[in-house]
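File shown: final03.cif (mmCIF, C-alpha atoms).
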data_coords
#
loop_
_atom_site.label_atom_id
_atom_site.label_comp_id
_atom_site.auth_asym_id
_atom_site.auth_seq_id
_atom_site.Cartn_x
_atom_site.Cartn_y
_atom_site.Cartn_z
CA MET A 1 0.00 0.00 0.00
CA GLN A 2 2.95 2.28 0.70
CA ILE A 3 4.15 1.78 -2.89
CA LEU A 4 0.72 2.84 -4.19
CA GLU A 5 0.86 6.01 -2.11
CA ILE A 6 4.33 6.87 -3.42
CA ALA A 7 3.13 6.11 -6.97
CA ALA A 8 0.38 8.71 -6.51
CA GLU A 9 3.08 11.28 -5.63
CA PHE A 10 4.93 10.44 -8.85
CA GLU A 11 1.73 10.76 -10.83
CA LYS A 12 1.41 14.34 -9.57
CA GLU A 13 5.08 15.08 -10.28
CA PRO A 14 6.69 12.47 -12.58
CA HIS A 15 10.00 14.27 -13.15
CA GLN A 16 12.00 14.11 -9.93
CA ASN A 17 15.79 13.92 -10.06
CA LEU A 18 16.00 11.39 -7.23
CA LEU A 19 18.39 8.98 -8.94
CA ASN A 20 20.81 11.79 -9.74
CA GLY A 21 22.97 9.84 -12.18
CA ARG A 22 22.67 6.43 -10.51
CA VAL A 23 22.97 3.50 -12.92
CA ILE A 24 20.12 1.00 -13.18
CA ALA A 25 20.64 -2.22 -15.15
CA SER A 26 17.74 -3.35 -17.30
CA LEU A 27 18.33 -7.03 -18.10
CA PHE A 28 15.62 -8.36 -20.39
CA PHE A 29 16.52 -11.95 -21.22
CA GLU A 30 13.32 -12.12 -23.24
CA PRO A 31 11.57 -9.39 -25.21
CA SER A 32 8.95 -7.11 -23.68
CA THR A 33 7.48 -3.82 -24.84
CA ARG A 34 5.48 -2.27 -22.03
CA THR A 35 7.40 -3.54 -19.04
CA ARG A 36 10.87 -2.68 -20.35
CA LEU A 37 9.93 0.72 -21.77
CA SER A 38 7.95 1.74 -18.70
CA PHE A 39 10.86 0.78 -16.41
CA GLU A 40 13.32 2.67 -18.59
CA SER A 41 10.97 5.64 -18.79
CA ALA A 42 10.59 5.56 -14.99
CA ILE A 43 14.37 5.53 -14.52
CA GLN A 44 14.96 8.40 -16.92
CA LYS A 45 12.20 10.54 -15.40
CA MET A 46 14.02 10.13 -12.08
CA GLY A 47 17.36 11.25 -13.52
CA GLY A 48 18.95 7.80 -13.69
CA ASN A 49 20.99 6.10 -16.38
CA VAL A 50 20.05 2.78 -17.94
CA VAL A 51 22.46 0.05 -19.04
CA GLY A 52 21.50 -3.42 -20.20
CA PHE A 53 20.06 -5.46 -23.02
CA SER A 54 16.61 -6.14 -24.45
CA SER A 55 17.02 -9.80 -25.41
CA ALA A 56 19.24 -12.74 -24.48
CA ALA A 57 20.53 -12.77 -28.07
CA THR A 58 22.49 -9.57 -27.41
CA SER A 59 23.99 -10.72 -24.09
CA SER A 60 26.67 -13.19 -23.01
CA VAL A 61 23.94 -15.76 -22.36
CA GLN A 62 24.35 -16.69 -26.00
CA LYS A 63 27.96 -17.63 -25.25
CA GLY A 64 26.74 -19.96 -22.51
CA GLU A 65 27.23 -17.69 -19.51
CA SER A 66 25.29 -18.75 -16.42
CA LEU A 67 22.67 -16.49 -14.87
CA LYS A 68 24.78 -16.26 -11.72
CA ASP A 69 27.83 -15.02 -13.61
CA THR A 70 25.78 -12.45 -15.55
CA ILE A 71 24.23 -11.11 -12.34
CA LEU A 72 27.53 -10.98 -10.43
CA THR A 73 29.12 -9.09 -13.33
CA VAL A 74 26.28 -6.60 -13.75
CA CYS A 75 26.28 -5.91 -9.99
CA ASN A 76 29.67 -4.28 -10.55
CA TYR A 77 28.18 -1.78 -12.96
CA SER A 78 24.84 -0.84 -11.39
CA ASP A 79 22.99 0.25 -8.26
CA LEU A 80 19.91 -1.87 -8.94
CA ILE A 81 18.94 -4.55 -11.46
CA VAL A 82 15.57 -4.87 -13.18
CA MET A 83 15.31 -8.29 -14.79
CA ARG A 84 12.92 -10.27 -16.91
CA HIS A 85 13.84 -13.89 -17.54
CA PRO A 86 12.00 -16.81 -19.16
CA VAL A 87 12.87 -19.25 -16.34
CA ASP A 88 10.58 -19.63 -13.30
CA GLY A 89 12.26 -18.58 -10.04
CA SER A 90 15.18 -16.86 -11.79
CA ALA A 91 14.58 -13.49 -10.10
CA ARG A 92 14.53 -14.96 -6.58
CA TYR A 93 17.73 -16.86 -7.31
CA ALA A 94 19.34 -13.71 -8.73
CA SER A 95 18.39 -11.81 -5.57
CA GLU A 96 20.24 -14.42 -3.51
CA VAL A 97 23.51 -14.03 -5.41
CA ALA A 98 23.37 -10.30 -6.15
CA SER A 99 24.95 -7.55 -4.05
CA VAL A 100 22.43 -4.97 -5.34
CA PRO A 101 18.61 -5.13 -5.19
CA ILE A 102 16.78 -7.06 -7.91
CA ILE A 103 13.33 -6.11 -9.23
CA ASN A 104 11.46 -8.99 -10.84
CA ALA A 105 10.00 -7.77 -14.14
CA GLY A 106 8.58 -11.23 -14.86
CA ASP A 107 10.08 -14.69 -14.31
CA GLY A 108 8.72 -17.24 -16.76
CA ALA A 109 5.22 -18.38 -15.90
CA ASN A 110 5.73 -17.65 -12.23
CA GLN A 111 5.26 -14.00 -11.19
CA HIS A 112 4.97 -10.52 -12.63
CA PRO A 113 4.74 -8.50 -9.42
CA THR A 114 5.04 -5.00 -10.86
CA GLN A 115 2.08 -5.72 -13.17
CA CYS A 116 0.10 -6.71 -10.09
CA LEU A 117 1.04 -3.46 -8.35
CA LEU A 118 0.01 -1.34 -11.33
CA ASP A 119 -3.27 -3.27 -11.57
CA LEU A 120 -3.96 -2.54 -7.90
CA TYR A 121 -3.03 1.11 -8.42
CA SER A 122 -5.39 1.33 -11.42
CA ILE A 123 -8.25 -0.26 -9.50
CA LYS A 124 -7.75 2.02 -6.50
CA LYS A 125 -7.49 5.10 -8.69
CA THR A 126 -10.64 4.36 -10.67
CA GLN A 127 -12.76 3.08 -7.78
CA GLY A 128 -11.39 5.23 -4.95
CA THR A 129 -10.84 2.08 -2.88
CA LEU A 130 -9.68 -1.52 -3.10
CA GLU A 131 -12.26 -2.73 -0.56
CA ASN A 132 -15.51 -4.61 -1.23
CA LEU A 133 -15.37 -4.52 -5.04
CA GLU A 134 -16.84 -6.97 -7.53
CA VAL A 135 -14.07 -7.89 -9.97
CA THR A 136 -14.67 -9.93 -13.11
CA PHE A 137 -11.80 -11.80 -14.77
CA VAL A 138 -12.37 -12.87 -18.37
CA GLY A 139 -10.49 -15.17 -20.74
CA ASP A 140 -7.49 -17.34 -19.99
CA LEU A 141 -7.64 -17.71 -16.23
CA LYS A 142 -5.58 -20.89 -16.22
CA TYR A 143 -2.25 -19.71 -17.60
CA GLY A 144 -2.40 -15.93 -17.12
CA ARG A 145 0.15 -15.12 -14.41
CA THR A 146 -1.21 -11.57 -14.05
CA VAL A 147 -4.64 -13.00 -13.22
CA HIS A 148 -3.22 -15.32 -10.56
CA SER A 149 -1.19 -12.58 -8.89
CA LEU A 150 -4.07 -10.10 -8.91
CA VAL A 151 -6.62 -12.60 -7.56
CA ILE A 152 -4.26 -13.47 -4.70
CA ALA A 153 -3.58 -9.79 -3.97
CA LEU A 154 -7.30 -8.88 -4.03
CA CYS A 155 -8.04 -11.58 -1.45
CA GLN A 156 -6.90 -9.01 1.15
CA PHE A 157 -9.66 -6.58 0.22
CA ASN A 158 -12.94 -8.48 0.63
CA THR A 159 -13.34 -8.80 -3.14
CA LYS A 160 -16.20 -10.71 -4.76
CA PHE A 161 -14.79 -12.60 -7.76
CA HIS A 162 -16.58 -13.40 -11.03
CA LEU A 163 -14.50 -15.82 -13.11
CA VAL A 164 -15.45 -16.07 -16.79
CA SER A 165 -13.57 -18.56 -18.96
CA PRO A 166 -13.90 -21.58 -21.22
CA VAL A 167 -13.99 -24.82 -19.21
CA GLU A 168 -10.45 -25.63 -20.44
CA LEU A 169 -9.04 -22.38 -19.05
CA LYS A 170 -10.61 -22.14 -15.58
CA LEU A 171 -8.71 -20.59 -12.68
CA PRO A 172 -6.40 -23.26 -11.16
CA SER A 173 -7.59 -24.77 -7.89
CA ALA A 174 -4.37 -23.66 -6.16
CA VAL A 175 -5.38 -20.02 -6.80
CA LYS A 176 -9.03 -20.64 -5.86
CA ARG A 177 -7.75 -22.02 -2.56
CA HIS A 178 -6.51 -18.51 -1.69
CA ILE A 179 -10.05 -17.18 -2.20
CA LYS A 180 -11.52 -19.91 -0.01
CA GLU A 181 -8.91 -19.42 2.71
CA ALA A 182 -9.80 -15.71 2.80
CA ASN A 183 -13.49 -16.74 3.23
CA LEU A 184 -14.43 -14.82 0.09
CA GLN A 185 -16.95 -15.64 -2.63
CA TYR A 186 -16.35 -16.54 -6.24
CA GLU A 187 -18.59 -17.63 -9.06
CA GLN A 188 -17.51 -19.29 -12.29
CA TYR A 189 -19.21 -18.63 -15.61
CA THR A 190 -18.79 -19.70 -19.21
CA ASP A 191 -21.18 -16.98 -20.43
CA PHE A 192 -19.75 -13.48 -20.34
CA SER A 193 -22.69 -11.11 -20.81
CA GLU A 194 -24.70 -11.88 -17.65
CA VAL A 195 -21.88 -10.81 -15.36
CA ILE A 196 -21.14 -7.37 -16.87
CA PRO A 197 -23.85 -5.47 -14.91
CA LYS A 198 -22.45 -6.86 -11.63
CA SER A 199 -18.88 -5.70 -12.21
CA ASP A 200 -16.90 -2.78 -10.83
CA ILE A 201 -13.82 -3.94 -12.76
CA ILE A 202 -13.71 -6.10 -15.88
CA TYR A 203 -10.21 -7.54 -16.26
CA MET A 204 -9.87 -8.88 -19.80
CA THR A 205 -7.15 -11.31 -20.93
CA ARG A 206 -6.13 -12.84 -24.23
CA ILE A 207 -7.05 -16.43 -25.08
CA GLN A 208 -4.13 -17.97 -26.94
CA ARG A 209 -4.63 -20.56 -29.64
CA GLU A 210 -1.64 -22.59 -28.45
CA ARG A 211 -3.33 -23.29 -25.11
CA PHE A 212 -5.76 -25.68 -26.82
CA PRO A 213 -4.50 -29.17 -27.77
CA ASP A 214 -7.44 -29.46 -30.19
CA PRO A 215 -7.72 -26.50 -32.64
CA LEU A 216 -11.45 -27.20 -33.01
CA GLU A 217 -11.95 -26.44 -29.31
CA TYR A 218 -10.24 -23.07 -29.81
CA GLU A 219 -12.47 -22.25 -32.77
CA LYS A 220 -15.54 -22.94 -30.62
CA VAL A 221 -14.62 -20.47 -27.88
CA LYS A 222 -12.46 -17.83 -29.59
CA ASN A 223 -15.31 -15.40 -30.17
CA ALA A 224 -17.19 -16.07 -26.94
CA TYR A 225 -15.01 -13.77 -24.85
CA ILE A 226 -14.82 -10.63 -26.96
CA LEU A 227 -15.98 -7.39 -25.35
CA ASP A 228 -17.65 -4.89 -27.65
CA ASN A 229 -18.97 -1.43 -26.86
CA SER A 230 -22.66 -2.33 -26.79
CA MET A 231 -22.03 -4.92 -24.08
CA LEU A 232 -21.08 -2.09 -21.70
CA ASP A 233 -24.51 -0.43 -22.05
CA ASN A 234 -25.81 -2.13 -18.92
CA SER A 235 -22.61 -1.80 -16.95
CA ARG A 236 -22.27 0.15 -13.73
CA GLU A 237 -21.35 3.83 -13.95
CA ASN A 238 -18.09 3.21 -12.09
CA CYS A 239 -17.20 0.12 -14.13
CA ARG A 240 -13.75 0.18 -15.80
CA VAL A 241 -12.24 -2.23 -18.30
CA LEU A 242 -8.64 -3.30 -17.64
CA HIS A 243 -6.28 -5.44 -19.71
CA PRO A 244 -2.58 -6.20 -19.08
CA LEU A 245 -1.97 -5.84 -22.86
CA PRO A 246 -1.06 -6.74 -25.55
CA ARG A 247 -4.59 -7.04 -26.85
CA VAL A 248 -5.39 -8.99 -29.99
CA ASN A 249 -9.13 -9.03 -30.63
CA GLU A 250 -10.64 -9.68 -27.19
CA ILE A 251 -11.59 -6.01 -26.79
CA SER A 252 -13.13 -4.49 -29.92
CA VAL A 253 -11.53 -1.22 -30.96
CA ASP A 254 -14.91 0.51 -30.57
CA VAL A 255 -14.50 0.15 -26.80
CA ASP A 256 -11.36 2.33 -26.88
CA SER A 257 -13.35 5.58 -27.02
CA ASN A 258 -15.71 4.53 -24.22
CA PRO A 259 -14.83 6.38 -20.98
CA LYS A 260 -15.01 3.01 -19.22
CA ALA A 261 -12.00 1.74 -21.23
CA TYR A 262 -8.99 2.14 -18.98
CA TYR A 263 -6.26 -0.16 -20.38
CA PHE A 264 -4.01 2.51 -21.89
CA GLU A 265 -4.11 4.64 -18.71
CA GLN A 266 -3.42 1.39 -16.86
CA ALA A 267 -0.20 1.01 -18.89
CA LEU A 268 0.74 4.61 -18.01
CA ASN A 269 0.21 3.85 -14.32
CA GLY A 270 2.96 1.26 -14.73
CA VAL A 271 5.50 4.08 -14.97
CA PHE A 272 4.41 5.68 -11.67
CA VAL A 273 4.32 2.38 -9.82
CA ARG A 274 7.79 1.45 -11.11
CA GLN A 275 9.13 4.87 -10.13
CA ALA A 276 7.71 4.32 -6.66
CA LEU A 277 9.24 0.86 -6.38
CA ILE A 278 12.72 1.99 -7.45
CA ALA A 279 12.60 5.00 -5.10
CA ALA A 280 11.43 2.88 -2.16
CA ILE A 281 14.00 0.13 -2.72
CA LEU A 282 16.87 2.61 -2.94
CA GLY A 283 15.61 4.45 0.14
CA LEU A 284 14.92 7.65 -1.79
CA LYS A 285 11.27 7.95 -0.67
CA MET B 1 2.14 -69.07 15.66
CA ASN B 2 1.71 -65.70 14.02
CA LYS B 3 4.94 -64.36 15.48
CA LYS B 4 6.86 -67.39 14.27
CA ARG B 5 5.35 -67.05 10.80
CA LYS B 6 6.43 -63.42 10.50
CA GLU B 7 9.98 -64.35 11.39
CA LEU B 8 9.95 -66.91 8.62
CA ILE B 9 8.63 -64.42 6.06
CA VAL B 10 11.37 -61.83 6.57
CA SER B 11 14.71 -62.95 7.98
CA ALA B 12 16.13 -61.37 11.11
CA ILE B 13 19.30 -59.28 10.83
CA SER B 14 22.08 -59.10 13.43
CA ASN B 15 23.00 -55.45 12.88
CA GLY B 16 21.27 -52.82 10.81
CA THR B 17 17.92 -51.09 10.43
CA VAL B 18 14.37 -52.29 9.92
CA ILE B 19 11.97 -49.88 8.23
CA ASP B 20 8.52 -50.98 9.29
CA HIS B 21 4.98 -49.69 8.63
CA ILE B 22 5.69 -48.54 5.09
CA PRO B 23 2.41 -48.09 3.19
CA ALA B 24 2.29 -51.21 0.95
CA ASN B 25 2.00 -49.13 -2.22
CA LYS B 26 5.07 -47.05 -1.31
CA LEU B 27 7.50 -49.91 -0.67
CA PHE B 28 9.21 -49.84 -4.04
CA GLN B 29 9.42 -46.04 -4.00
CA VAL B 30 11.24 -46.23 -0.65
CA ILE B 31 13.63 -48.83 -2.09
CA ARG B 32 14.27 -46.52 -5.03
CA ILE B 33 14.85 -43.31 -3.07
CA LEU B 34 17.28 -45.04 -0.72
CA ASP B 35 19.12 -46.46 -3.74
CA LEU B 36 18.97 -49.94 -2.22
CA GLU B 37 19.29 -51.55 -5.64
CA LYS B 38 22.97 -50.59 -5.53
CA SER B 39 23.53 -51.66 -1.92
CA ASP B 40 26.16 -54.36 -1.34
CA LYS B 41 24.63 -55.24 2.06
CA GLU B 42 21.99 -57.86 2.73
CA VAL B 43 18.57 -56.34 2.03
CA TYR B 44 15.24 -58.09 2.71
CA PHE B 45 11.86 -56.69 1.93
CA GLY B 46 8.24 -57.77 2.07
CA THR B 47 5.03 -56.16 0.96
CA ASN B 48 1.29 -56.62 1.53
CA LEU B 49 2.02 -57.92 5.01
CA GLU B 50 -0.85 -57.76 7.50
CA SER B 51 -0.88 -54.70 9.73
CA LYS B 52 -3.33 -54.01 12.56
CA LYS B 53 -2.90 -50.26 12.12
CA TYR B 54 -2.73 -49.89 8.35
CA GLY B 55 -4.31 -53.03 6.87
CA ARG B 56 -1.40 -53.81 4.55
CA LYS B 57 2.17 -52.68 5.00
CA GLY B 58 5.67 -53.04 3.61
CA ILE B 59 8.87 -53.75 5.50
CA ILE B 60 12.58 -53.47 4.64
CA LYS B 61 15.53 -54.86 6.58
CA ILE B 62 19.03 -53.66 5.71
CA SER B 63 22.15 -55.16 7.28
CA GLU B 64 24.97 -52.96 8.53
CA LYS B 65 23.10 -49.76 7.71
CA TYR B 66 22.05 -46.89 9.99
CA PHE B 67 20.36 -43.87 8.47
CA GLU B 68 21.46 -40.22 8.44
CA ALA B 69 18.99 -37.34 8.85
CA ASN B 70 18.81 -36.53 5.13
CA GLU B 71 17.86 -40.17 4.43
CA THR B 72 15.15 -40.30 7.10
CA ASP B 73 13.78 -37.03 5.68
CA LYS B 74 13.39 -38.74 2.31
CA ILE B 75 11.62 -41.72 3.89
CA ALA B 76 9.26 -39.39 5.79
CA LEU B 77 8.25 -37.62 2.58
CA VAL B 78 7.04 -40.77 0.81
CA ALA B 79 6.20 -43.00 3.80
CA PRO B 80 5.26 -40.74 6.72
CA THR B 81 3.92 -43.69 8.76
CA ALA B 82 7.26 -45.54 8.67
CA THR B 83 9.00 -46.69 11.83
CA LEU B 84 12.79 -47.09 12.05
CA ILE B 85 14.14 -49.87 14.26
CA GLU B 86 17.88 -50.01 14.90
CA ILE B 87 19.24 -53.49 15.57
CA ARG B 88 22.58 -54.26 17.20
CA ASP B 89 23.50 -57.84 18.04
CA PHE B 90 19.95 -59.00 17.26
CA GLU B 91 18.61 -56.60 19.91
CA VAL B 92 16.38 -53.59 19.26
CA VAL B 93 18.37 -50.61 20.56
CA LYS B 94 16.24 -47.78 19.20
CA LYS B 95 12.77 -47.43 17.74
CA SER B 96 11.56 -44.16 16.27
CA THR B 97 8.97 -42.81 13.90
CA VAL B 98 10.05 -40.60 11.02
CA ASN B 99 9.25 -36.90 11.21
CA ILE B 100 8.11 -34.90 8.22
CA PRO B 101 10.67 -32.08 7.92
CA GLU B 102 9.43 -28.48 7.58
CA HIS B 103 12.08 -27.60 5.00
CA ILE B 104 14.42 -29.65 2.87
CA GLU B 105 17.48 -28.63 0.86
CA LYS B 106 19.42 -30.48 -1.83
CA ILE B 107 17.38 -33.67 -1.32
CA ALA B 108 14.70 -33.62 -4.01
CA LYS B 109 14.37 -32.22 -7.52
CA CYS B 110 11.70 -29.73 -8.56
CA PHE B 111 9.04 -31.26 -10.80
CA ASN B 112 8.77 -28.06 -12.90
CA PRO B 113 11.13 -28.47 -15.89
CA ASN B 114 11.26 -24.66 -16.29
CA CYS B 115 12.35 -24.08 -12.69
CA VAL B 116 15.68 -22.30 -12.27
CA THR B 117 16.95 -25.30 -10.29
CA ASN B 118 16.57 -27.42 -13.42
CA LYS B 119 18.06 -24.83 -15.77
CA GLU B 120 21.05 -23.50 -13.81
CA GLN B 121 23.34 -25.02 -11.19
CA VAL B 122 21.12 -24.06 -8.26
CA PRO B 123 20.61 -26.36 -5.23
CA THR B 124 16.91 -26.99 -4.54
CA LYS B 125 15.06 -25.70 -1.47
CA PHE B 126 11.50 -26.66 -0.55
CA LYS B 127 8.95 -25.99 2.13
CA VAL B 128 7.10 -29.21 2.96
CA ILE B 129 3.33 -28.65 2.96
CA VAL B 130 0.30 -30.89 3.43
CA VAL B 131 -2.60 -30.23 1.02
CA ASP B 132 -5.78 -32.28 1.51
CA GLY B 133 -3.78 -34.88 3.43
CA GLU B 134 -1.08 -35.23 0.76
CA ILE B 135 2.53 -34.21 1.31
CA LYS B 136 3.82 -31.75 -1.29
CA LEU B 137 7.07 -29.88 -1.81
CA ALA B 138 6.61 -26.14 -2.41
CA CYS B 139 9.61 -24.88 -4.39
CA HIS B 140 11.38 -21.89 -2.85
CA TYR B 141 12.20 -20.57 -6.35
CA CYS B 142 9.42 -21.30 -8.85
CA GLU B 143 6.65 -21.70 -6.20
CA LYS B 144 5.26 -24.82 -7.90
CA ASN B 145 4.26 -27.82 -5.79
CA THR B 146 5.79 -31.23 -6.42
CA SER B 147 3.42 -34.02 -5.35
CA GLN B 148 4.47 -37.33 -3.81
CA ASN B 149 4.12 -39.26 -7.07
CA ASN B 150 6.47 -36.85 -8.85
CA MET B 151 9.17 -36.71 -6.20
CA VAL B 152 12.63 -37.50 -7.55
CA PHE B 153 15.51 -37.50 -5.11
CA TYR B 154 19.22 -36.83 -5.65
#

Translate the structure of the given file into structure tokens.
Amino acid sequence: MQILEIAAEFEKEPHQNLLNGRVIASLFFEPSTRTRLSFESAIQKMGGNVVGFSSAATSSVQKGESLKDTILTVCNYSDLIVMRHPVDGSARYASEVASVPIINAGDGANQHPTQCLLDLYSIKKTQGTLENLEVTFVGDLKYGRTVHSLVIALCQFNTKFHLVSPVELKLPSAVKRHIKEANLQYEQYTDFSEVIPKSDIIYMTRIQRERFPDPLEYEKVKNAYILDNSMLDNSRENCRVLHPLPRVNEISVDVDSNPKAYYFEQALNGVFVRQALIAAILGLK
Amino acid sequence: MNKKRKELIVSAISNGTVIDHIPANKLFQVIRILDLEKSDKEVYFGTNLESKKYGRKGIIKISEKYFEANETDKIALVAPTATLIEIRDFEVVKKSTVNIPEHIEKIAKCFNPNCVTNKEQVPTKFKVIVVDGEIKLACHYCEKNTSQNNMVFY
């Protein structure tokens, strides 16, 4: 919660020379658009310098260097490391060998904690609170790491969950256990439209073809979870549509001009949250 | 009569350890994790033996062998009901149940092939958890749970 409060300060005044020439390493072992650019934007708005690489192909990993050796080397050149890596648990391991702080910008299918923070920030900003909201998750609830992290985080705020997905892509039972342990309610749906009027937040995700062993099954469901503008007619006044992006076709472009569409502002919030995180970790706020 | 029959089924050992009360369906997994196939000592085992407590049980007797903590941790993870009986000179000198450890390090492999412990030279660390009565290993790094059936030990 402290990070969200600091993020609000950065939103009011994004350019603050807190880093004052400090060097932040941005190690992206796999490509990313939003996360990498928003981190690098956050660093530069705070007066820091960025070193690093944007894919493993342009690093010593290609020569067979271990993660440990890369991290130990980069520690010599930087005050903090932001890393995205395709292997699960890589960020935690890096934090154990590194002499500087590590920020996990996504480790394989495991966690994407800064996305979760910016989702929380976006919800709080649009709703005025995180407490007692009805949040609807739509699409691939099985494999989407952002969904898992956000569901677990929202369990602290008396959330009522609506879970809309094809049967093949339901929320894993390990994540549902968190909801049960928090004594909260959830309902699962395969039909999307009935749940829209009950939602304060609609969190859309992309359904990927490769998740279905049988292509025919994908064809059956691919159009069942597309949000178009007319579907928001019966939505609550305070309802906002979020999406971790990139979007393919699951939100029609006609939604973009609806004031309830919030996904591009959500991506902007990522900069403030990442500024807040860097400042807090380095003891600058 | 019964006592005599049991003695005939599984030979007595003069020195070593008896692992008793192994769930019958876990006997061969215990043999595997303790690497007994490669042992050069006398090893006896029996399965589907009658047990008042558990219905059917397995038992292993290993000559000249006393277990270290990391080995009893392994046994506890797959056969938490097991009892260890130390024998010296045909006498029982110590009888103890195995304890499920809270944490284990460098004993088991993570089931997730994309875990950093399977991709880099990183020793494994797990928290041992019980979910719906089943023992699972929660990976310190990738946070995935390895269930009993998928446990592979070093």

Within 6 Å of chain A, which residues of chain B show up when using all atoms listed in the file, listed as a count of residues only?
5

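Proximity of B:Lys65, B:Lys94, B:Lys74, B:Arg88 to B:Ser39, computed with all atoms listed in the file, is greatest for B:Lys65.
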
Find the residues with any atom within 12 Å of (16.8, -47.0, -3.5); use only C-alpha atoms and the coordinates as given in the file, and write the answer as a list of chain:residue names.
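Using only C-alpha atoms, the matching residues come out as B:Lys26, B:Leu27, B:Phe28, B:Gln29, B:Val30, B:Ile31, B:Arg32, B:Ile33, B:Leu34, B:Asp35, B:Leu36, B:Glu37, B:Lys38, B:Ser39, B:Val43, B:Ile60, B:Ile62, B:Glu71, B:Lys74, B:Ile75, B:Val152, B:Phe153, B:Tyr154.
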
With the PyMOL selection byres ((chain A and resi 183) around 12) as the selection, what would be picked from this file? Answer as a list of chain:residue names, please.
A:Cys155, A:Gln156, A:Phe157, A:Asn158, A:Thr159, A:Lys160, A:Phe161, A:Lys176, A:Arg177, A:His178, A:Ile179, A:Lys180, A:Glu181, A:Ala182, A:Leu184, A:Gln185, A:Tyr186

Around (13.5, -28.9, 3.7) in the file's own coordinates, what residues are found within 10 Å if you use only C-alpha atoms, given back as a list in words?
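Residues close enough to count: Asn70, Asp73, Lys74, Ile100, Pro101, Glu102, His103, Ile104, Glu105, Lys106, Ile107, Ala108, Thr124, Lys125, Phe126, Lys127, Val128, Leu137, Ala138, Cys139 and His140 of chain B.
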
Would you kindly translate the PyMOL selection byres ((chain A and resi 222) around 10) into the concrete residues it picks from this file, as an MDAnalysis selection string?
chainID A and resid 139 166 206:209 217:221 223:226 249:250

Using atom CA of A:Asn229 and atom CA of A:Asn258 as the two end points, give the distance in Å to one decimal.
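The value is 7.3 Å.
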
Go through A:Arg274, A:Lys125, A:His85, A:Arg211 and flag the residue nearest A:Phe28, using only C-alpha atoms for the distances.
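When distances to A:Phe28 are compared using only C-alpha atoms, the smallest one comes from A:His85.
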
Exactly which residues make up the result of the PyMOL selection byres ((chain B and resi 47) around 9) on this file, given as a ChimeraX atom specification?
/B:22-25,27,45-46,48-50,56-60

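Residue neighbourhood of B:Thr97, excluding near-sequence residues (fewer than 5 positions): Thr81, Ala82, Thr83 and Leu84 of chain B, at 8 Å, using all atoms listed in the file.
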
Report, in Å with one decimal, the straight-line distance from atom CA of A:Asn104 to atom CA of A:Tyr262.
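Straight-line distance from atom CA of A:Asn104 to atom CA of A:Tyr262 works out to 24.7 Å.
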
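The two atoms in question, atom CA of A:Asn17 and atom CA of A:Gln44, are spaced 8.8 Å apart.
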
So that I can check the surroundings of A:Val241, please list as a count of residues only every protein, DNA and RNA residue that reaches within 8 Å of it, counting only C-alpha atoms and ignoring chain neighbours fewer than 3 positions away.
8

Among listed residues B:Ala79, B:Ile85, B:Ala69, B:Ile13, nearest B:Lys41 (using only C-alpha atoms)
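Closest candidate: B:Ile13.
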
Nearest to A:Leu282: which of A:Met83, A:Ser252, A:Leu37, A:Pro101 is it, counting all atoms listed in the file?
A:Pro101

Which residues are close to stretch 6-8 of chain A, i.e. within 7 Å by all atoms listed in the file, leaving aside same-chain residues fewer than 2 positions away? Reply as a list in words.
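So, after excluding close chain neighbours, the residues are Gln2, Ile3, Leu4, Phe10, Glu11, Lys12, Phe272, Val273, Gln275 and Ala276 of chain A.
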
Listed atoms of stretch 12-17 of chain A boxed along x, y and z, 3 Å each side, centre and edge lengths in Å, one decimal, as lines of an AutoDock Vina configuration file:
center_x = 8.6
center_y = 13.8
center_z = -11.4
size_x = 20.4
size_y = 8.6
size_z = 9.6

Ranking A:Ile152, A:Val82, A:Ile123, A:Val74 by minimum distance to A:Ser99 and counting all atoms listed in the file, which one comes first?
A:Val74

From the block I gave, I'd like stretch 81-98 of chain B written with C-alpha atoms, as an mmCIF file, in the first residue's frame.
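Output below, filename decode28.cif:
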data_model
loop_
_atom_site.group_PDB
_atom_site.id
_atom_site.type_symbol
_atom_site.label_atom_id
_atom_site.label_comp_id
_atom_site.auth_asym_id
_atom_site.auth_seq_id
_atom_site.Cartn_x
_atom_site.Cartn_y
_atom_site.Cartn_z
ATOM 1 C CA THR B 81 3.921 -43.691 8.764
ATOM 2 C CA ALA B 82 7.258 -45.542 8.667
ATOM 3 C CA THR B 83 9.003 -46.694 11.834
ATOM 4 C CA LEU B 84 12.787 -47.086 12.049
ATOM 5 C CA ILE B 85 14.135 -49.865 14.260
ATOM 6 C CA GLU B 86 17.883 -50.007 14.897
ATOM 7 C CA ILE B 87 19.239 -53.492 15.566
ATOM 8 C CA ARG B 88 22.577 -54.261 17.196
ATOM 9 C CA ASP B 89 23.503 -57.845 18.036
ATOM 10 C CA PHE B 90 19.945 -59.001 17.262
ATOM 11 C CA GLU B 91 18.605 -56.597 19.905
ATOM 12 C CA VAL B 92 16.383 -53.589 19.261
ATOM 13 C CA VAL B 93 18.371 -50.608 20.557
ATOM 14 C CA LYS B 94 16.236 -47.775 19.205
ATOM 15 C CA LYS B 95 12.773 -47.427 17.739
ATOM 16 C CA SER B 96 11.559 -44.164 16.267
ATOM 17 C CA THR B 97 8.967 -42.806 13.896
ATOM 18 C CA VAL B 98 10.050 -40.601 11.020
#
